[in-house]
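Undergrad: Structure file run_4.txt (compact mmCIF, C-alpha atoms) is given on the next line.
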```txt
# COMPACT_ATOMS: atom_id res chain seq x y z
CA MET A 243 -11.50 15.26 -31.91
CA ARG A 244 -15.07 15.33 -33.20
CA VAL A 245 -17.47 13.08 -31.29
CA ARG A 246 -21.11 12.45 -32.17
CA ILE A 247 -23.18 11.63 -29.13
CA SER A 248 -26.77 10.54 -28.64
CA ALA A 249 -28.87 9.27 -25.75
CA GLU A 250 -28.27 5.69 -26.92
CA SER A 251 -24.53 6.02 -27.33
CA VAL A 252 -24.03 7.73 -23.98
CA HIS A 253 -25.94 5.03 -22.13
CA ASN A 254 -24.55 2.06 -24.00
CA GLU A 255 -23.91 -1.39 -22.58
CA LEU A 256 -20.25 -0.76 -21.76
CA VAL A 257 -21.07 2.42 -19.82
CA ARG A 258 -23.68 0.51 -17.88
CA ARG A 259 -21.15 -2.20 -17.01
CA VAL A 260 -18.55 0.35 -15.86
CA GLU A 261 -21.12 1.94 -13.55
CA GLU A 262 -22.26 -1.43 -12.27
CA TYR A 263 -18.79 -2.85 -11.60
CA SER A 264 -17.37 0.36 -10.12
CA GLY A 265 -20.41 1.55 -8.20
CA GLN A 266 -19.53 5.10 -9.29
CA ASP A 267 -21.74 7.78 -10.85
CA LEU A 268 -19.78 8.86 -13.92
CA MET A 269 -21.85 12.00 -14.36
CA ALA A 270 -20.82 13.28 -10.91
CA CYS A 271 -17.49 14.40 -12.41
CA TYR A 272 -17.36 18.03 -13.55
CA GLN A 273 -13.88 17.80 -15.06
CA CYS A 274 -11.95 19.95 -12.61
CA GLY A 275 -8.80 17.95 -13.42
CA LYS A 276 -7.48 17.47 -9.89
CA CYS A 277 -7.15 13.72 -10.49
CA ALA A 278 -4.91 14.26 -13.50
CA ALA A 279 -2.90 16.98 -11.74
CA GLY A 280 -2.09 14.79 -8.74
CA CYS A 281 -1.65 11.42 -10.44
CA PRO A 282 1.92 10.15 -9.90
CA VAL A 283 1.70 7.89 -12.99
CA ALA A 284 0.19 10.48 -15.36
CA PHE A 285 3.59 11.01 -17.04
CA ALA A 286 3.44 7.48 -18.45
CA MET A 287 -0.24 7.45 -19.44
CA ASP A 288 -1.65 7.83 -22.94
CA MET A 289 -4.90 9.26 -21.56
CA LEU A 290 -5.09 11.40 -18.44
CA PRO A 291 -7.23 10.20 -15.54
CA SER A 292 -9.69 13.06 -16.09
CA GLN A 293 -9.96 12.08 -19.76
CA VAL A 294 -10.86 8.53 -18.75
CA ILE A 295 -13.96 9.81 -16.99
CA ARG A 296 -14.77 12.26 -19.78
CA PHE A 297 -14.63 9.53 -22.42
CA ALA A 298 -16.85 7.33 -20.27
CA GLN A 299 -19.34 10.17 -19.84
CA LEU A 300 -19.52 10.46 -23.63
CA GLY A 301 -20.14 6.75 -24.08
CA LEU A 302 -16.67 6.06 -25.48
CA VAL A 303 -15.72 3.23 -23.15
CA ASP A 304 -14.50 1.15 -26.09
CA ARG A 305 -11.63 3.63 -26.54
CA LEU A 306 -10.70 3.31 -22.86
CA LEU A 307 -10.45 -0.45 -23.11
CA GLU A 308 -7.57 0.01 -25.56
CA SER A 309 -5.68 2.58 -23.50
CA LYS A 310 -2.45 1.98 -21.58
CA THR A 311 -3.74 4.15 -18.77
CA ILE A 312 -6.00 1.55 -17.17
CA TRP A 313 -3.00 -0.77 -16.70
CA LEU A 314 -0.81 1.95 -15.20
CA CYS A 315 -3.15 3.05 -12.42
CA ALA A 316 -1.67 1.66 -9.20
CA ALA A 317 -4.81 2.40 -7.14
CA CYS A 318 -2.87 4.78 -4.87
CA GLN A 319 -6.13 6.67 -4.29
CA THR A 320 -4.58 10.13 -4.55
CA CYS A 321 -7.28 11.10 -7.07
CA TYR A 322 -10.10 9.82 -4.87
CA THR A 323 -8.64 11.60 -1.85
CA ARG A 324 -8.62 14.91 -3.73
CA CYS A 325 -11.80 14.61 -5.80
CA PRO A 326 -14.26 17.33 -4.75
CA LYS A 327 -17.15 15.14 -5.91
CA GLY A 328 -16.02 11.96 -4.17
CA VAL A 329 -15.59 9.96 -7.38
CA ASP A 330 -13.38 6.93 -6.80
CA LEU A 331 -11.55 6.82 -10.11
CA SER A 332 -9.48 3.81 -9.06
CA ARG A 333 -12.74 1.81 -8.97
CA ILE A 334 -13.53 2.95 -12.51
CA MET A 335 -10.04 1.87 -13.63
CA GLU A 336 -10.59 -1.52 -12.00
CA ALA A 337 -13.97 -1.90 -13.72
CA LEU A 338 -12.33 -1.15 -17.09
CA ARG A 339 -9.57 -3.71 -16.47
CA GLU A 340 -12.18 -6.23 -15.45
CA ILE A 341 -14.14 -5.75 -18.67
CA VAL A 342 -10.99 -6.26 -20.75
CA MET A 343 -9.91 -9.36 -18.83
CA LEU A 344 -13.35 -10.99 -18.81
CA GLU A 345 -13.17 -10.94 -22.61
CA GLY A 346 -9.48 -11.33 -23.31
CA GLY A 347 -8.00 -13.06 -20.27
CA SER A 348 -5.03 -12.04 -18.16
CA HIS A 349 -3.01 -8.97 -19.08
CA ILE A 350 0.43 -9.84 -17.81
CA ASN A 351 3.57 -11.35 -19.28
CA TYR A 352 4.67 -14.01 -16.85
CA ASP A 353 7.77 -14.75 -18.93
CA ALA A 354 9.14 -11.29 -18.08
CA ILE A 355 9.39 -12.34 -14.43
CA SER A 356 12.68 -14.16 -13.89
CA PRO A 357 13.40 -16.85 -11.27
CA GLU A 358 15.68 -14.29 -9.59
CA ASP A 359 12.74 -11.89 -9.36
CA VAL A 360 10.62 -14.58 -7.77
CA ALA A 361 13.29 -15.16 -5.13
CA GLU A 362 13.91 -11.48 -4.40
CA TRP A 363 10.62 -9.66 -4.70
CA PRO A 364 8.17 -9.26 -1.84
CA GLN A 365 5.25 -11.69 -2.04
CA GLN A 366 2.80 -8.82 -1.94
CA ALA A 367 4.10 -7.44 -5.26
CA PHE A 368 3.21 -10.68 -7.03
CA ILE A 369 -0.08 -11.28 -5.26
CA GLY A 370 -1.15 -7.66 -5.72
CA GLY A 371 0.00 -7.59 -9.34
CA PHE A 372 -1.63 -10.88 -10.25
CA ARG A 373 -4.87 -9.74 -8.69
CA LYS A 374 -4.84 -6.57 -10.75
CA TYR A 375 -3.57 -7.90 -14.06
CA ALA A 376 -4.73 -11.52 -14.14
CA ILE A 377 -8.04 -13.27 -13.99
CA MET B 299 1.51 1.11 28.59
CA PRO B 300 3.67 -1.74 29.91
CA GLY B 301 2.55 -5.29 29.26
CA MET B 302 0.10 -4.56 26.47
CA ARG B 303 -0.64 -7.69 24.45
CA VAL B 304 -2.10 -7.61 20.96
CA SER B 305 -2.68 -10.03 18.08
CA TYR B 306 0.01 -9.86 15.46
CA PHE B 307 -0.46 -10.65 11.78
CA PRO B 308 2.91 -10.86 9.98
CA GLY B 309 1.49 -11.34 6.46
CA CYS B 310 3.22 -13.04 3.55
CA THR B 311 5.98 -10.50 2.89
CA LEU B 312 7.21 -10.23 6.47
CA ASN B 313 7.20 -14.00 6.65
CA THR B 314 9.53 -14.32 3.66
CA THR B 315 11.60 -11.60 1.97
CA GLY B 316 10.76 -9.09 4.72
CA LYS B 317 11.88 -11.37 7.55
CA GLY B 318 14.42 -8.80 8.71
CA PHE B 319 11.66 -6.20 9.01
CA ASP B 320 9.61 -8.73 11.00
CA ASN B 321 12.48 -9.65 13.33
CA ALA B 322 13.15 -5.98 14.01
CA VAL B 323 9.45 -5.24 14.64
CA ARG B 324 9.05 -8.06 17.14
CA ALA B 325 12.22 -7.22 19.04
CA SER B 326 11.60 -3.47 19.09
CA ALA B 327 7.98 -3.81 20.15
CA ALA B 328 8.90 -6.21 22.96
CA SER B 329 11.55 -3.84 24.29
CA VAL B 330 9.03 -1.01 24.64
CA GLY B 331 6.43 -3.18 26.40
CA LEU B 332 4.30 -4.15 23.44
CA GLU B 333 3.88 -7.90 23.23
CA LEU B 334 2.99 -9.14 19.78
CA VAL B 335 1.16 -12.46 19.89
CA GLU B 336 1.24 -14.01 16.43
CA LEU B 337 -2.10 -15.45 15.36
CA PRO B 338 -1.84 -19.23 15.74
CA GLU B 339 -3.35 -19.71 12.30
CA TRP B 340 -3.42 -17.15 9.56
CA ASN B 341 -3.69 -16.85 5.81
CA CYS B 342 -2.74 -14.25 3.22
CA CYS B 343 -4.95 -11.15 3.35
CA GLY B 344 -5.07 -10.93 -0.45
CA ALA B 345 -2.56 -8.07 -0.73
CA THR B 346 -4.98 -5.64 -2.40
CA TYR B 347 -8.37 -4.36 -1.41
CA PRO B 348 -10.86 -5.29 -4.14
CA LEU B 349 -12.30 -2.28 -5.94
CA ILE B 350 -15.12 -3.77 -7.95
CA ILE B 351 -18.53 -4.11 -6.39
CA ASP B 352 -18.88 -7.89 -6.66
CA ASN B 353 -15.99 -8.53 -4.32
CA MET B 354 -17.23 -11.18 -1.92
CA LEU B 355 -14.58 -13.75 -2.76
CA GLU B 356 -11.67 -11.35 -2.28
CA LEU B 357 -13.03 -10.24 1.09
CA ALA B 358 -13.23 -13.81 2.35
CA ALA B 359 -9.48 -14.13 3.03
CA PRO B 360 -9.13 -10.98 5.16
CA SER B 361 -12.42 -11.75 6.94
CA HIS B 362 -10.99 -15.13 7.88
CA VAL B 363 -7.95 -13.41 9.43
CA LEU B 364 -10.17 -10.98 11.35
CA LEU B 365 -12.30 -13.85 12.63
CA ALA B 366 -9.17 -15.63 13.88
CA ALA B 367 -8.08 -12.48 15.69
CA ARG B 368 -11.48 -12.13 17.33
CA ASP B 369 -11.61 -15.72 18.54
CA GLN B 370 -7.95 -16.46 19.22
CA GLY B 371 -6.44 -13.09 20.11
CA PRO B 372 -5.23 -12.20 23.60
CA GLY B 373 -7.66 -9.30 24.20
CA SER B 374 -6.20 -8.42 27.57
CA ASN B 375 -5.72 -5.25 29.60
CA GLY B 376 -9.13 -3.88 28.78
CA GLN B 377 -8.00 -3.26 25.23
CA GLY B 378 -10.49 -5.65 23.66
CA ASN B 379 -9.15 -7.59 20.76
CA VAL B 380 -6.62 -5.49 18.91
CA LEU B 381 -5.05 -6.83 15.72
CA THR B 382 -1.87 -5.21 14.52
CA THR B 383 0.41 -5.70 11.56
CA ALA B 384 3.59 -4.03 10.36
CA CYS B 385 2.73 -4.56 6.70
CA THR B 386 0.93 -1.44 5.56
CA THR B 387 -0.86 -3.30 2.77
CA CYS B 388 -2.18 -5.92 5.18
CA TYR B 389 -3.28 -3.07 7.44
CA ASN B 390 -5.12 -1.35 4.62
CA VAL B 391 -6.89 -4.53 3.50
CA LEU B 392 -7.83 -5.69 7.01
CA LYS B 393 -8.99 -2.26 8.14
CA ARG B 394 -11.18 -1.70 5.10
CA THR B 395 -12.59 -5.23 5.19
CA LYS B 396 -13.57 -4.85 8.82
CA LYS B 397 -15.45 -1.63 8.04
CA PHE B 398 -17.12 -3.16 5.01
CA VAL B 399 -18.30 -6.26 6.87
CA ARG B 400 -19.64 -4.19 9.75
CA GLU B 401 -21.57 -1.84 7.50
CA GLN B 402 -22.92 -4.28 4.89
CA PRO B 403 -25.13 -6.92 6.56
CA ASP B 404 -26.12 -8.63 3.31
CA GLU B 405 -22.54 -9.00 2.11
CA ARG B 406 -21.52 -10.07 5.60
CA GLU B 407 -23.88 -13.01 5.35
CA ARG B 408 -22.44 -14.11 2.02
CA ILE B 409 -18.85 -13.82 3.28
CA ASN B 410 -19.63 -15.78 6.44
CA ALA B 411 -21.35 -18.51 4.45
CA PHE B 412 -18.14 -18.84 2.45
CA ILE B 413 -15.71 -18.87 5.37
CA GLU B 414 -18.11 -20.81 7.62
CA GLY B 415 -17.89 -18.19 10.33
CA ASP B 416 -19.84 -15.47 12.07
CA TYR B 417 -17.59 -12.45 11.66
CA ALA B 418 -19.53 -9.21 12.12
CA GLY B 419 -16.86 -6.51 12.06
CA GLU B 420 -15.34 -6.95 15.52
CA VAL B 421 -11.63 -6.47 16.39
CA GLU B 422 -9.83 -3.16 16.36
CA VAL B 423 -7.32 -3.08 13.49
CA LYS B 424 -4.32 -0.85 14.20
CA ASP B 425 -1.17 -0.33 12.20
CA ILE B 426 1.86 -0.93 14.40
CA LEU B 427 3.10 2.63 13.99
CA HIS B 428 -0.27 3.83 15.26
CA LEU B 429 0.08 1.59 18.34
CA LEU B 430 3.61 2.83 18.98
CA ARG B 431 2.45 6.43 18.70
CA ASP B 432 -0.76 6.29 20.72
CA ASP B 433 -0.60 3.27 23.01
CA VAL B 434 3.12 3.07 23.80
CA GLY B 435 3.91 6.72 23.11
CA PHE B 436 6.96 8.21 21.41
CA PRO B 437 8.14 9.92 24.64
CA ALA B 438 8.21 6.49 26.34
CA ILE B 439 10.20 5.12 23.42
CA ALA B 440 12.61 8.07 23.56
CA GLU B 441 13.34 7.24 27.20
CA LYS B 442 14.49 3.76 26.18
CA VAL B 443 16.91 4.92 23.49
CA ARG B 444 20.48 3.79 24.18
CA THR B 445 22.14 4.64 20.90
CA PRO B 446 20.58 7.89 19.67
CA LEU B 447 20.64 8.24 15.89
CA SER B 448 22.44 11.55 16.31
CA GLY B 449 23.36 13.29 13.12
CA LEU B 450 21.29 11.01 10.89
CA LYS B 451 19.31 13.06 8.40
CA VAL B 452 16.49 10.82 7.31
CA ALA B 453 13.43 11.27 5.09
CA ALA B 454 10.30 9.56 6.42
CA TYR B 455 8.36 8.03 3.55
CA TYR B 456 4.81 6.78 4.15
CA GLY B 457 3.57 5.63 0.76
CA CYS B 458 -0.19 5.17 0.32
CA MET B 459 -1.56 2.40 2.44
CA VAL B 460 -1.75 4.01 5.88
CA LEU B 461 -3.07 7.28 4.44
CA ARG B 462 -5.60 6.57 1.72
CA PRO B 463 -8.51 6.48 1.52
CA PRO B 464 -8.31 8.78 4.56
CA ASN B 465 -11.85 8.20 5.82
CA GLU B 466 -11.19 4.48 6.06
CA VAL B 467 -7.56 4.01 7.08
CA ALA B 468 -5.77 7.23 8.05
CA TYR B 469 -4.57 7.85 11.61
CA ASP B 470 -2.37 10.69 10.48
CA ASP B 471 -2.80 13.75 8.25
CA PRO B 472 -3.07 12.21 4.75
CA ASP B 473 -1.49 15.25 3.10
CA HIS B 474 1.19 15.91 5.69
CA PRO B 475 1.76 12.85 7.86
CA THR B 476 4.18 13.19 10.78
CA SER B 477 4.03 9.97 12.84
CA LEU B 478 7.08 8.37 11.23
CA ASP B 479 8.98 11.68 11.35
CA ASP B 480 8.12 11.99 15.04
CA LEU B 481 9.32 8.45 15.74
CA MET B 482 12.64 9.22 14.05
CA VAL B 483 13.02 12.35 16.18
CA ALA B 484 12.24 10.28 19.30
CA LEU B 485 15.10 7.97 18.27
CA GLY B 486 17.47 10.92 18.04
CA ALA B 487 17.53 11.39 14.27
CA THR B 488 16.78 14.51 12.27
CA ALA B 489 13.68 14.08 10.08
CA VAL B 490 13.88 16.17 6.94
CA ASP B 491 10.64 17.42 5.45
CA PHE B 492 10.06 16.73 1.78
CA PRO B 493 7.01 17.03 -0.46
CA HIS B 494 6.90 13.45 -1.76
CA LYS B 495 6.53 11.65 1.55
CA ASN B 496 3.03 10.43 0.66
CA GLU B 497 3.42 9.94 -3.09
CA CYS B 498 2.91 6.46 -4.56
CA CYS B 499 6.09 4.49 -5.45
CA GLY B 500 4.23 2.35 -8.00
CA ALA B 501 3.55 -0.59 -5.69
CA TYR B 502 2.89 -3.81 -7.68
CA LEU B 503 3.16 -1.90 -10.95
CA ALA B 504 6.77 -3.14 -10.83
CA VAL B 505 5.65 -6.59 -12.00
CA LYS B 506 4.18 -5.08 -15.15
CA ALA B 507 6.08 -1.88 -15.89
CA PRO B 508 9.32 -1.64 -13.88
CA GLU B 509 10.55 1.28 -16.02
CA VAL B 510 7.54 3.34 -14.88
CA THR B 511 8.18 2.42 -11.25
CA ARG B 512 11.78 3.55 -11.68
CA GLU B 513 10.68 7.04 -12.74
CA MET B 514 8.30 7.27 -9.81
CA VAL B 515 10.98 6.20 -7.36
CA TYR B 516 13.47 8.61 -8.92
CA THR B 517 11.09 11.52 -8.29
CA ILE B 518 10.60 10.50 -4.66
CA VAL B 519 14.21 9.82 -3.74
CA LYS B 520 15.61 12.88 -5.56
CA SER B 521 13.10 14.97 -3.64
CA ALA B 522 14.30 13.44 -0.35
CA GLN B 523 17.93 14.04 -1.29
CA ALA B 524 17.21 17.63 -2.29
CA ALA B 525 15.81 18.15 1.21
CA GLY B 526 19.13 16.94 2.64
CA ALA B 527 18.32 13.30 3.44
CA GLU B 528 21.17 10.78 3.55
CA ALA B 529 18.72 7.90 3.99
CA VAL B 530 15.04 7.11 3.60
CA VAL B 531 12.99 5.30 6.20
CA THR B 532 9.63 3.71 5.51
CA ASN B 533 6.92 1.68 7.19
CA CYS B 534 5.83 -0.11 4.00
CA PRO B 535 7.65 -3.29 2.90
CA LEU B 536 6.74 -2.87 -0.76
CA CYS B 537 7.85 0.79 -0.77
CA GLN B 538 11.12 -0.29 0.85
CA PHE B 539 11.70 -2.83 -1.89
CA ASN B 540 10.80 -0.48 -4.74
CA LEU B 541 12.85 2.44 -3.46
CA ASP B 542 15.83 0.24 -2.69
CA LYS B 543 15.81 -1.99 -5.78
CA GLN B 544 15.04 0.76 -8.29
CA GLN B 545 17.88 2.90 -6.98
CA ALA B 546 20.26 0.05 -7.67
CA GLU B 547 18.90 0.02 -11.24
CA MET B 548 19.27 3.80 -11.51
CA ARG B 549 22.96 3.50 -10.89
CA LYS B 550 23.11 1.78 -14.28
CA THR B 551 20.89 4.25 -16.13
CA TYR B 552 21.63 7.64 -14.57
CA ALA B 553 25.27 8.67 -14.77
CA GLY B 554 26.60 9.78 -11.41
CA TYR B 555 23.48 8.79 -9.48
CA ARG B 556 24.26 8.49 -5.78
CA PRO B 557 21.80 6.13 -4.08
CA VAL B 558 20.80 6.37 -0.43
CA PRO B 559 19.96 3.43 1.86
CA VAL B 560 16.28 2.70 2.49
CA PHE B 561 15.50 1.44 5.99
CA TYR B 562 12.49 -0.20 7.54
CA PHE B 563 11.54 1.95 10.52
CA SER B 564 11.92 -1.04 12.84
CA GLN B 565 15.56 -1.53 11.82
CA LEU B 566 16.40 1.99 13.01
CA MET B 567 14.25 1.52 16.09
CA GLY B 568 16.08 -1.66 17.11
CA LEU B 569 19.41 0.01 16.50
CA ALA B 570 18.53 3.04 18.63
CA LEU B 571 17.12 0.85 21.40
CA GLY B 572 20.47 -0.94 21.60
CA LEU B 573 19.13 -4.33 20.51
CA ASP B 574 20.98 -7.07 18.66
CA ILE B 575 20.44 -6.09 15.03
CA GLN B 576 22.20 -9.07 13.41
CA ASP B 577 19.04 -10.65 11.99
CA TYR B 578 17.44 -7.50 10.60
CA GLY B 579 18.08 -8.48 6.98
CA TRP B 580 20.85 -6.01 6.10
CA GLU B 581 22.25 -8.41 3.52
CA ARG B 582 19.08 -8.11 1.44
CA ASN B 583 19.47 -4.38 0.82
CA TYR B 584 20.39 -3.44 -2.74
CA VAL B 585 21.88 -0.16 -1.56
CA ASP B 586 24.20 -1.23 1.25
CA ALA B 587 23.12 0.39 4.51
CA ARG B 588 26.04 -0.94 6.54
CA PRO B 589 28.47 1.94 6.02
CA LEU B 590 25.87 4.32 7.42
CA LEU B 591 25.11 1.87 10.24
CA ALA B 592 28.76 1.74 11.20
CA ARG B 593 28.74 5.51 11.60
CA LEU B 594 25.62 5.41 13.77
CA SER B 595 26.53 2.57 16.11
```
As C-alpha cells, how would this structure be written, given the file I've shared?
TA:
Amino acid sequence: MRVRISAESVHNELVRRVEEYSGQDLMACYQCGKCAAGCPVAFAMDMLPSQVIRFAQLGLVDRLLESKTIWLCAACQTCYTRCPKGVDLSRIMEALREIVMLEGGSHINYDAISPEDVAEWPQQAFIGGFRKYAI
Amino acid sequence: MPGMRVSYFPGCTLNTTGKGFDNAVRASAASVGLELVELPEWNCCGATYPLIIDNMLELAAPSHVLLAARDQGPGSNGQGNVLTTACTTCYNVLKRTKKFVREQPDERERINAFIEGDYAGEVEVKDILHLLRDDVGFPAIAEKVRTPLSGLKVAAYYGCMVLRPPNEVAYDDPDHPTSLDDLMVALGATAVDFPHKNECCGAYLAVKAPEVTREMVYTIVKSAQAAGAEAVVTNCPLCQFNLDKQQAEMRKTYAGYRPVPVFYFSQLMGLALGLDIQDYGWERNYVDARPLLARLS
C-alpha cells in the first residue's frame, strides 16, 4: 500500500485526539510486533494490533475508525503486559472506539440479545459490554 | 489466621446469576476462619476499568464502594480495613481505582466532589484467592479437607483480571500463575499445567461477537484437555460463564466435541471441606458437573 505522508497529515486532528484520549505516545512504538503475536483475538481482526499503531503513527486514523479490530479488542491487556516500550494499546483501542461513538452513537445491536440471554448471562457481561460498545 | 474479619463486596454477578459461586465462597471462607462481612450498602463497581483519560465519572462508582469499606468495614485484628471480593472483575476495578485515587490528587478532588466523600486511597483491596493463599494459608486449608478431591485432574484457569496489568493488580506470576493450582493441590486434586491458563476468554465480547468468543474458548479448553484435564476450575465468574456456555454451543458446531465441566473454585473448595453444597448453583451449569461430583463425593 502506497501512503503519502507529511508533517500535517501525521499530526492531524484525529491523531491528536487519539493521543489525548488514550494518554499514550504513539511514536514510542517501534513495531516489534509482540502485541500482534500475543493477541488472543488477532485471528478475527481485519487489522493486527501492531498495524493499528502503525497506521496511527502515519496519520491514518480515519482508516482505523472503519476497522473491525477496535471492536474486537477485549482489553485483556496481554499486549500492554508484553510491550517493551510500555505502550498501553488497549487505551488506544478505547480512544478509537470513543471517537467513533461520539460521532455515530452506540455500536451494539441490542436486538441480538434475547430475553433468555438477559436471564442467563452474568450482569458483568452486559455492564462491561455496554460500557465498551455504547455511549 | 483464625477469626479474621474483612469487608466483603459480592458485586452484581455474584448477587444474581453467580449466586452459587457466592454461597460457596461465603461458606468455604467461614469454615477456614475467614469471616466475610458484606458491606451494608454497596453499588455496582462499573464492571470495567475505564481506559480513556477523562474517566472521572466511571471512577465514581468504585470510589463510592471503597469509601463505604473504609468507613463501614470491620477493620479488626490489626489488619486495617481490608476489602475483598470473589469477582475478579470487581477486584481489578477496585484495586486500580484505589491506586489511581491515591496517586492523582487533582482527580481525587473531582471524584470526591461527585460522590460527596473524602476518599483518599485507603483500604487494602485483596482478591479472595490472595487472602486464602497468604492470610489463611493453603496448608491450613489442606488440614481442614474432609473429602479430598483425589483423582480429579483439573486445569486451573485464571483469565485476565487478577493478572493484568501486573504492576497494578497481580499477586501471582502474570505469565505462569500458580495460586489456583496450589489451592487445588491443597484440596487433594491434581492440577494439570497447560499453556492457556492466563489467556483471555473474550470476556464481554460475547455480547457483541459470540462466535469470536467461541473460538477463543475452544482454544483454551482444548489446550486444557490436551494436558489431561477432565474439568476446568476458575476464579472468574465471567470466564466460568463463557467457558461453560460456549462449550454447550460447541457441541452443536463441532462434531464429536466432548465438553468438560467448568467449576468455580469455591464449589470445589466447599465440596472438599465437607460442606453442604446444595445451594452452589449446580443447576445453572450448561455442561452438567454432577456426574463428576458424584464420583468425587
Undergrad: Set the cut-off to 6 Å and count all atoms listed in the file: what are the residues of chain B that reach chain A? Output as an MDAnalysis selection string.
TA: chainID B and resid 311 315 345:346 349:351 458 502
Undergrad: Could you give me, as a ChimeraX atom specification, the residues within 12 Å of His253 in chain A, counting only C-alpha atoms and dropping anything in the same chain fewer than 5 positions from it?
TA: /A:247-248,258-261,268-269,298-303
Undergrad: From the set A:Glu250, A:Asp288, A:Asp304, A:Asp267, which residue has the shortest atom-to-atom contact distance to Arg339 in chain A, counting all atoms listed in the file?
TA: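 Counting all atoms listed in the file, the residue closest to Arg339 in chain A is A:Asp304.
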Undergrad: Would you give the centre and edge lengths, in Å to one decimal, of a box along x, y and z around the listed atoms of range 368-371 of chain A, with 3 Å added to each side, as lines of an AutoDock Vina configuration file?
TA:
```
center_x = 1.0
center_y = -9.4
center_z = -7.3
size_x = 10.4
size_y = 9.7
size_z = 10.1
```
Undergrad: Counting only C-alpha atoms, I want the residues whose atoms come within 9 Å of (12.7, 2.0, -3.4) in the file frame, returned as number ranges by chain.
TA: B: 499, 512, 515-516, 518-519, 530, 536-546, 560
Undergrad: Which residues, written as number ranges by chain, have at least one atom at most 9 Å from Lys327 in chain A, with only C-alpha atoms counted and residues fewer than 6 positions away on the same chain left out?
TA: A: 270-272
Undergrad: Where atoms are missing, can you supply all heavy atoms for range 311-316 of chain A and output the lot as a PDB file, in the frame of the given file?
TA:
```pdb
ATOM      1  N   THR A 311      -3.491   3.522 -20.072  1.00  0.00           N
ATOM      2  CA  THR A 311      -3.740   4.150 -18.770  1.00  0.00           C
ATOM      3  C   THR A 311      -4.335   3.201 -17.738  1.00  0.00           C
ATOM      4  O   THR A 311      -3.891   3.172 -16.587  1.00  0.00           O
ATOM      5  CB  THR A 311      -4.666   5.368 -18.950  1.00  0.00           C
ATOM      6  OG1 THR A 311      -3.940   6.374 -19.663  1.00  0.00           O
ATOM      7  CG2 THR A 311      -5.131   5.923 -17.617  1.00  0.00           C
ATOM      8  N   ILE A 312      -5.310   2.384 -18.170  1.00  0.00           N
ATOM      9  CA  ILE A 312      -6.000   1.550 -17.170  1.00  0.00           C
ATOM     10  C   ILE A 312      -5.061   0.506 -16.552  1.00  0.00           C
ATOM     11  O   ILE A 312      -5.302   0.032 -15.455  1.00  0.00           O
ATOM     12  CB  ILE A 312      -7.261   0.869 -17.761  1.00  0.00           C
ATOM     13  CG1 ILE A 312      -6.903  -0.048 -18.943  1.00  0.00           C
ATOM     14  CG2 ILE A 312      -8.270   1.922 -18.201  1.00  0.00           C
ATOM     15  CD1 ILE A 312      -8.109  -0.842 -19.475  1.00  0.00           C
ATOM     16  N   TRP A 313      -3.964   0.198 -17.237  1.00  0.00           N
ATOM     17  CA  TRP A 313      -3.000  -0.770 -16.700  1.00  0.00           C
ATOM     18  C   TRP A 313      -1.899  -0.087 -15.895  1.00  0.00           C
ATOM     19  O   TRP A 313      -1.081  -0.755 -15.257  1.00  0.00           O
ATOM     20  CB  TRP A 313      -2.383  -1.589 -17.841  1.00  0.00           C
ATOM     21  CG  TRP A 313      -3.465  -2.225 -18.646  1.00  0.00           C
ATOM     22  CD1 TRP A 313      -3.938  -1.829 -19.870  1.00  0.00           C
ATOM     23  CD2 TRP A 313      -4.290  -3.333 -18.249  1.00  0.00           C
ATOM     24  NE1 TRP A 313      -4.978  -2.619 -20.258  1.00  0.00           N
ATOM     25  CE2 TRP A 313      -5.222  -3.556 -19.286  1.00  0.00           C
ATOM     26  CE3 TRP A 313      -4.320  -4.155 -17.118  1.00  0.00           C
ATOM     27  CZ2 TRP A 313      -6.181  -4.560 -19.222  1.00  0.00           C
ATOM     28  CZ3 TRP A 313      -5.268  -5.174 -17.064  1.00  0.00           C
ATOM     29  CH2 TRP A 313      -6.189  -5.365 -18.103  1.00  0.00           C
ATOM     30  N   LEU A 314      -1.846   1.222 -15.930  1.00  0.00           N
ATOM     31  CA  LEU A 314      -0.810   1.950 -15.200  1.00  0.00           C
ATOM     32  C   LEU A 314      -1.307   2.485 -13.854  1.00  0.00           C
ATOM     33  O   LEU A 314      -0.511   2.801 -12.976  1.00  0.00           O
ATOM     34  CB  LEU A 314      -0.279   3.110 -16.053  1.00  0.00           C
ATOM     35  CG  LEU A 314       0.548   2.675 -17.270  1.00  0.00           C
ATOM     36  CD1 LEU A 314       0.812   3.867 -18.187  1.00  0.00           C
ATOM     37  CD2 LEU A 314       1.854   2.033 -16.834  1.00  0.00           C
ATOM     38  N   CYS A 315      -2.603   2.592 -13.697  1.00  0.00           N
ATOM     39  CA  CYS A 315      -3.150   3.050 -12.420  1.00  0.00           C
ATOM     40  C   CYS A 315      -2.772   2.050 -11.334  1.00  0.00           C
ATOM     41  O   CYS A 315      -3.048   0.864 -11.450  1.00  0.00           O
ATOM     42  CB  CYS A 315      -4.676   3.165 -12.503  1.00  0.00           C
ATOM     43  SG  CYS A 315      -5.457   3.375 -10.882  1.00  0.00           S
ATOM     44  N   ALA A 316      -2.115   2.537 -10.279  1.00  0.00           N
ATOM     45  CA  ALA A 316      -1.670   1.660  -9.200  1.00  0.00           C
ATOM     46  C   ALA A 316      -2.630   1.696  -8.006  1.00  0.00           C
ATOM     47  O   ALA A 316      -2.306   1.209  -6.930  1.00  0.00           O
ATOM     48  CB  ALA A 316      -0.259   2.032  -8.761  1.00  0.00           C
TER      49      ALA A 316
END
```
